[in-house]
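**Q** Quick one, upload04.cif (mmCIF, C-alpha atoms):
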data_coords
loop_
_atom_site.label_atom_id
_atom_site.label_comp_id
_atom_site.auth_asym_id
_atom_site.auth_seq_id
_atom_site.Cartn_x
_atom_site.Cartn_y
_atom_site.Cartn_z
CA MET A 14 -23.95 101.82 185.45
CA SER A 15 -26.91 99.83 186.76
CA LEU A 16 -26.61 97.26 189.55
CA ALA A 17 -27.42 94.53 187.02
CA ASP A 18 -24.52 95.71 184.83
CA LYS A 19 -22.16 95.68 187.82
CA ARG A 20 -23.31 92.18 188.63
CA ARG A 21 -22.69 90.95 185.05
CA ARG A 22 -19.16 92.41 185.04
CA LYS A 23 -18.27 90.19 188.01
CA GLY A 24 -18.92 87.05 185.94
CA LEU A 25 -19.85 83.80 187.69
CA LYS A 26 -19.01 85.20 191.12
CA GLY A 27 -21.43 88.07 190.50
CA ARG A 28 -24.26 85.84 189.37
CA LEU A 29 -24.15 84.07 192.73
CA LYS A 30 -25.11 87.32 194.51
CA PRO A 31 -28.29 89.41 194.26
CA ALA A 32 -27.97 92.64 192.25
CA ARG A 33 -28.63 94.75 195.36
CA SER A 34 -25.34 93.52 196.84
CA PHE A 35 -23.53 95.69 194.25
CA ASP A 36 -25.11 98.92 195.53
CA GLU A 37 -21.96 100.55 196.95
CA ASN A 38 -23.88 103.32 198.69
CA ARG A 39 -26.06 100.85 200.60
CA GLN A 40 -23.01 98.78 201.50
CA GLU A 41 -21.23 101.88 202.80
CA GLN A 42 -24.33 102.88 204.74
CA ARG A 43 -24.42 99.48 206.46
CA THR A 44 -20.69 99.68 207.20
CA LEU A 45 -20.92 103.14 208.77
CA ILE A 46 -23.92 102.26 210.92
CA THR A 47 -22.44 98.92 212.03
CA LEU A 48 -19.01 100.33 212.91
CA GLU A 49 -20.42 103.31 214.78
CA ARG A 50 -22.58 100.93 216.82
CA GLN A 51 -19.72 98.49 217.51
CA ILE A 52 -16.95 101.00 218.25
CA GLY A 53 -18.96 103.81 219.81
CA PRO A 54 -18.00 107.51 219.97
CA ALA A 55 -14.32 106.77 219.21
CA PHE A 56 -15.34 105.79 215.67
CA ASN A 57 -16.21 109.40 214.86
CA GLU A 58 -12.91 110.78 216.13
CA HIS A 59 -11.50 110.23 212.63
CA VAL A 60 -14.54 109.29 210.53
CA PRO A 61 -17.10 111.99 209.62
CA ARG A 62 -20.53 111.36 211.13
CA TYR A 63 -23.06 109.56 208.92
CA LEU A 64 -26.12 111.81 208.36
CA GLY A 65 -28.34 109.56 206.25
CA MET A 66 -29.15 108.91 202.60
CA ILE A 67 -29.99 111.70 200.18
CA ASP A 68 -31.49 111.79 196.68
CA THR A 69 -29.30 113.51 194.10
CA ASP A 70 -29.40 113.99 190.32
CA MET A 71 -27.09 110.95 190.11
CA GLY A 72 -29.22 108.71 192.34
CA THR A 73 -29.32 108.02 196.07
CA GLY A 74 -26.10 108.74 197.91
CA ILE A 75 -24.50 108.74 201.35
CA GLN A 76 -24.56 112.00 203.28
CA VAL A 77 -21.80 112.54 205.84
CA GLN A 78 -20.50 115.51 207.77
CA LEU A 79 -18.34 117.74 205.52
CA VAL A 80 -14.88 118.33 206.97
CA ARG A 81 -13.85 121.98 206.76
CA SER A 82 -10.77 123.77 208.05
CA HIS A 83 -10.92 126.73 210.44
CA ASP A 84 -11.25 129.22 207.55
CA GLY A 85 -14.32 127.44 206.15
CA ALA A 86 -12.46 125.87 203.22
CA ILE A 87 -13.06 122.17 202.50
CA ALA A 88 -10.29 120.15 204.12
CA LEU A 89 -7.54 119.16 201.67
CA PRO A 90 -6.98 115.52 200.74
CA LEU A 91 -3.83 114.21 202.43
CA LYS A 92 -2.23 113.75 199.01
CA GLN A 93 -2.73 117.40 198.11
CA HIS A 94 -1.65 118.59 201.55
CA LEU A 95 1.60 116.62 201.29
CA TRP A 96 2.28 117.79 197.74
CA GLU A 97 1.76 121.45 198.53
CA ARG A 98 3.25 121.61 202.04
CA GLY A 99 5.49 118.59 202.48
CA ARG A 100 5.75 116.51 205.63
CA THR A 101 5.79 118.88 208.58
CA GLN A 102 6.08 118.32 212.31
CA ALA A 103 2.40 119.29 212.67
CA LEU A 104 1.39 116.66 210.12
CA ASP A 105 3.58 114.03 211.77
CA GLN A 106 1.81 114.70 215.08
CA ALA A 107 -1.57 114.33 213.37
CA LEU A 108 -0.45 111.07 211.73
CA GLU A 109 0.79 109.72 215.06
CA GLU A 110 -2.50 110.55 216.80
CA PHE A 111 -4.51 109.08 213.93
CA GLY A 112 -2.47 105.86 213.90
CA ARG A 113 -2.78 105.45 217.66
CA CYS A 114 -6.57 105.80 217.52
CA TRP A 115 -6.95 103.58 214.44
CA ILE A 116 -4.95 100.76 216.04
CA GLU A 117 -6.36 101.12 219.55
CA HIS A 118 -9.95 100.84 218.30
CA ARG A 119 -9.05 98.28 215.59
CA ILE A 120 -11.06 100.14 212.94
CA PRO A 121 -11.42 97.92 209.86
CA SER A 122 -10.58 99.48 206.52
CA ARG A 123 -9.35 98.68 203.09
CA SER A 124 -6.04 100.30 202.16
CA LEU A 125 -5.65 103.78 203.66
CA LEU A 126 -5.10 105.73 200.45
CA LEU A 127 -3.81 109.29 200.37
CA HIS A 128 -6.92 110.58 198.60
CA ASN A 129 -9.25 108.86 201.10
CA LEU A 130 -7.94 110.91 204.02
CA VAL A 131 -8.38 114.66 204.47
CA VAL A 132 -6.45 117.08 206.70
CA GLU A 133 -8.41 119.48 208.84
CA ASP A 134 -6.42 122.63 209.66
CA ARG A 135 -7.95 123.83 212.91
CA GLY A 136 -5.90 127.04 213.03
CA GLY A 137 -4.00 128.74 215.82
CA GLN A 138 -2.46 126.40 218.33
CA GLU A 139 -4.86 123.54 217.52
CA PRO A 140 -3.18 120.46 215.98
CA LEU A 141 -4.03 119.22 212.49
CA LYS A 142 -6.52 116.37 212.37
CA LEU A 143 -6.91 113.51 209.88
CA TRP A 144 -10.26 112.13 208.75
CA VAL A 145 -10.98 109.00 206.69
CA ILE A 146 -13.70 109.70 204.12
CA ASP A 147 -13.75 106.41 202.20
CA GLY A 148 -12.48 102.82 202.24
CA LEU A 149 -13.98 101.63 205.51
CA GLY A 150 -14.95 98.07 206.30
CA ASN A 151 -13.44 94.65 205.85
CA SER A 152 -12.88 93.55 202.26
CA ASP A 153 -11.58 90.05 203.07
CA LEU A 154 -13.49 87.16 201.56
CA LEU A 155 -13.35 85.48 204.96
CA PRO A 156 -13.32 88.37 207.51
CA LEU A 157 -11.58 86.55 210.37
CA ALA A 158 -10.57 89.87 211.96
CA ARG A 159 -14.23 90.46 212.76
CA TRP A 160 -14.00 87.73 215.41
CA SER A 161 -10.39 88.13 216.57
CA LYS A 162 -9.30 91.29 218.40
CA ARG A 163 -5.65 90.32 218.00
CA LEU A 164 -5.98 89.85 214.24
CA ALA A 165 -8.03 93.06 213.92
CA ARG A 166 -5.30 95.00 215.73
CA ARG A 167 -2.57 93.50 213.53
CA LYS A 168 -4.53 94.44 210.40
CA ALA A 169 -5.00 98.01 211.65
CA GLU A 170 -1.27 98.24 212.40
CA ARG A 171 -0.45 97.04 208.88
CA LYS A 172 -2.83 99.57 207.30
CA VAL A 173 -1.17 102.40 209.24
CA ARG A 174 2.34 101.20 208.25
CA ASP A 175 1.27 100.96 204.60
CA LEU A 176 -0.07 104.52 204.79
CA ASP A 177 3.37 105.73 205.83
CA VAL A 178 4.93 103.90 202.86
CA ARG A 179 2.47 105.66 200.53
CA ILE A 180 3.35 109.01 202.07
CA GLU A 181 7.07 108.45 201.55
CA SER A 182 6.47 107.29 197.96
CA LEU A 183 4.60 110.51 197.16
CA LEU A 184 7.25 112.66 198.85
CA GLU A 185 9.92 110.90 196.76
CA LYS A 186 8.00 111.95 193.62
CA ARG A 187 7.81 115.47 195.02
CA ARG A 188 11.58 115.59 195.60
CA ASN A 189 12.27 114.26 192.11
CA GLY A 190 9.82 116.61 190.37
CA ALA A 191 7.70 113.68 189.14
CA ASP A 192 4.03 114.00 188.21
CA PRO A 193 1.71 113.04 191.11
CA GLY A 194 -1.28 112.63 188.77
CA ARG A 195 -4.51 114.56 189.13
CA HIS A 196 -6.32 112.06 191.36
CA GLY A 197 -6.41 113.25 194.97
CA PHE A 198 -6.55 116.99 194.34
CA LEU A 199 -9.66 119.08 194.92
CA PRO A 200 -11.67 119.65 191.70
CA ALA A 201 -11.26 123.42 191.96
CA ARG A 202 -7.59 122.90 191.17
CA ALA A 203 -8.09 120.34 188.42
CA GLY A 204 -7.13 122.71 185.59
CA GLN A 205 -4.00 123.92 187.35
CA PRO A 206 -0.71 122.19 188.07
CA PRO A 207 -0.44 121.11 191.71
CA GLU A 208 1.03 123.82 193.88
CA ARG A 209 4.15 123.31 195.90
CA SER A 210 5.71 125.25 198.72
CA GLU A 211 9.03 124.11 200.07
CA ALA A 212 8.85 122.99 203.69
#
Show me this structure written as structure tokens.
**A**
Amino acid sequence: MSLADKRRRKGLKGRLKPARSFDENRQEQRTLITLERQIGPAFNEHVPRYLGMIDTDMGTGIQVQLVRSHDGAIALPLKQHLWERGRTQALDQALEEFGRCWIEHRIPSRSLLLHNLVVEDRGGQEPLKLWVIDGLGNSDLLPLARWSKRLARRKAERKVRDLDVRIESLLEKRRNGADPGRHGFLPARAGQPPERSEA
């Protein structure tokens, strides 16, 4: 879909903005660069490093560091990790460390969705680590949290609490044998039913 088409779909609100403002890749690029500059090295503790823009057969896209586990496999989305392995003590420790960092540095994000986080398994005695791969930035029409540290911290706290609610909702589906849907599972598994191992 072209930027002009995206603009038209937004109706009157869209016509008040230039077409380039609907280029999601450019918006994400600006967000990553701005947040890394504002927050510093702590930003990349849980957000893969931005590497630049790259031309693909589908247009220009964002290039970021690919998160892989210790065995070289691409890190599983949090949704898939939970569905296959359940909520373990190791994952709880990773969630606690992630939440502490997210709140302490007041990192702005849209909703922290289970498919927008991945779990790096670092093997051996190393703890699991969570990474956010999408949904960064402030989506508020009037981004007051940008100018208020207290409000930014409260928003980060709410996002982390909401993530825990999403986790419990998925685990309830898992316990009840409900369908989790295909979204949030690596494409290599798309033709297969999600795996489960009892924790």
**Q** Enumerate, as a PyMOL selection string, the protein, DNA and RNA residues whose atoms approach (-1.8, 91.2, 208.2) to within 12 Å, taking into account all atoms listed in the file and the coordinate frame of the file.
**A** chain A and resi 121+123-124+153+156-158+163-175
**Q** Assuming the chain letters and numbering stay as they are in my file, what does the PyMOL selection byres ((chain A and resi 184-194) around 9) actually select? List them as a list in words.
**A** Lys92, Leu95, Trp96, Gly99, Arg100, Arg179, Ile180, Glu181, Ser182, Leu183, Arg195, His196, Gly197, Phe198, Pro207 and Arg209 of chain A
**Q** Between A:Arg39, A:Lys162, A:Arg113, A:Arg135, single out the one closest to Ala88 of chain A, counting all atoms listed in the file.
**A** A:Arg135
**Q** Name every residue that the PyMOL selection byres ((chain A and resi 72) around 12) selects in this structure, writing the answer as a list in words with chains first and numbers rising.
**A** Met14, Ser15, Asp36, Glu37, Asn38, Arg39, Met66, Ile67, Asp68, Thr69, Asp70, Met71, Thr73, Gly74 and Ile75 of chain A
**Q** Just checking: using all atoms listed in the file, which residue out of A:Asp84, A:Glu110, A:Glu49, A:Asp177 ends up closest to Pro140 of chain A?
**A**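 The answer is A:Glu110, which sits nearest to Pro140 of chain A.
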**Q** Which value, in Å to one decimal, gives the distance between atom CA of Asp147 of chain A and atom CA of Val131 of chain A?
**A** 10.1 Å
**Q** Write out as a VMD selection string which residues come within 7 Å of Ala103 of chain A when counting all atoms listed in the file, dropping same-chain ones fewer than 3 positions away.
**A** chain A and resid 106 to 107 140 to 141
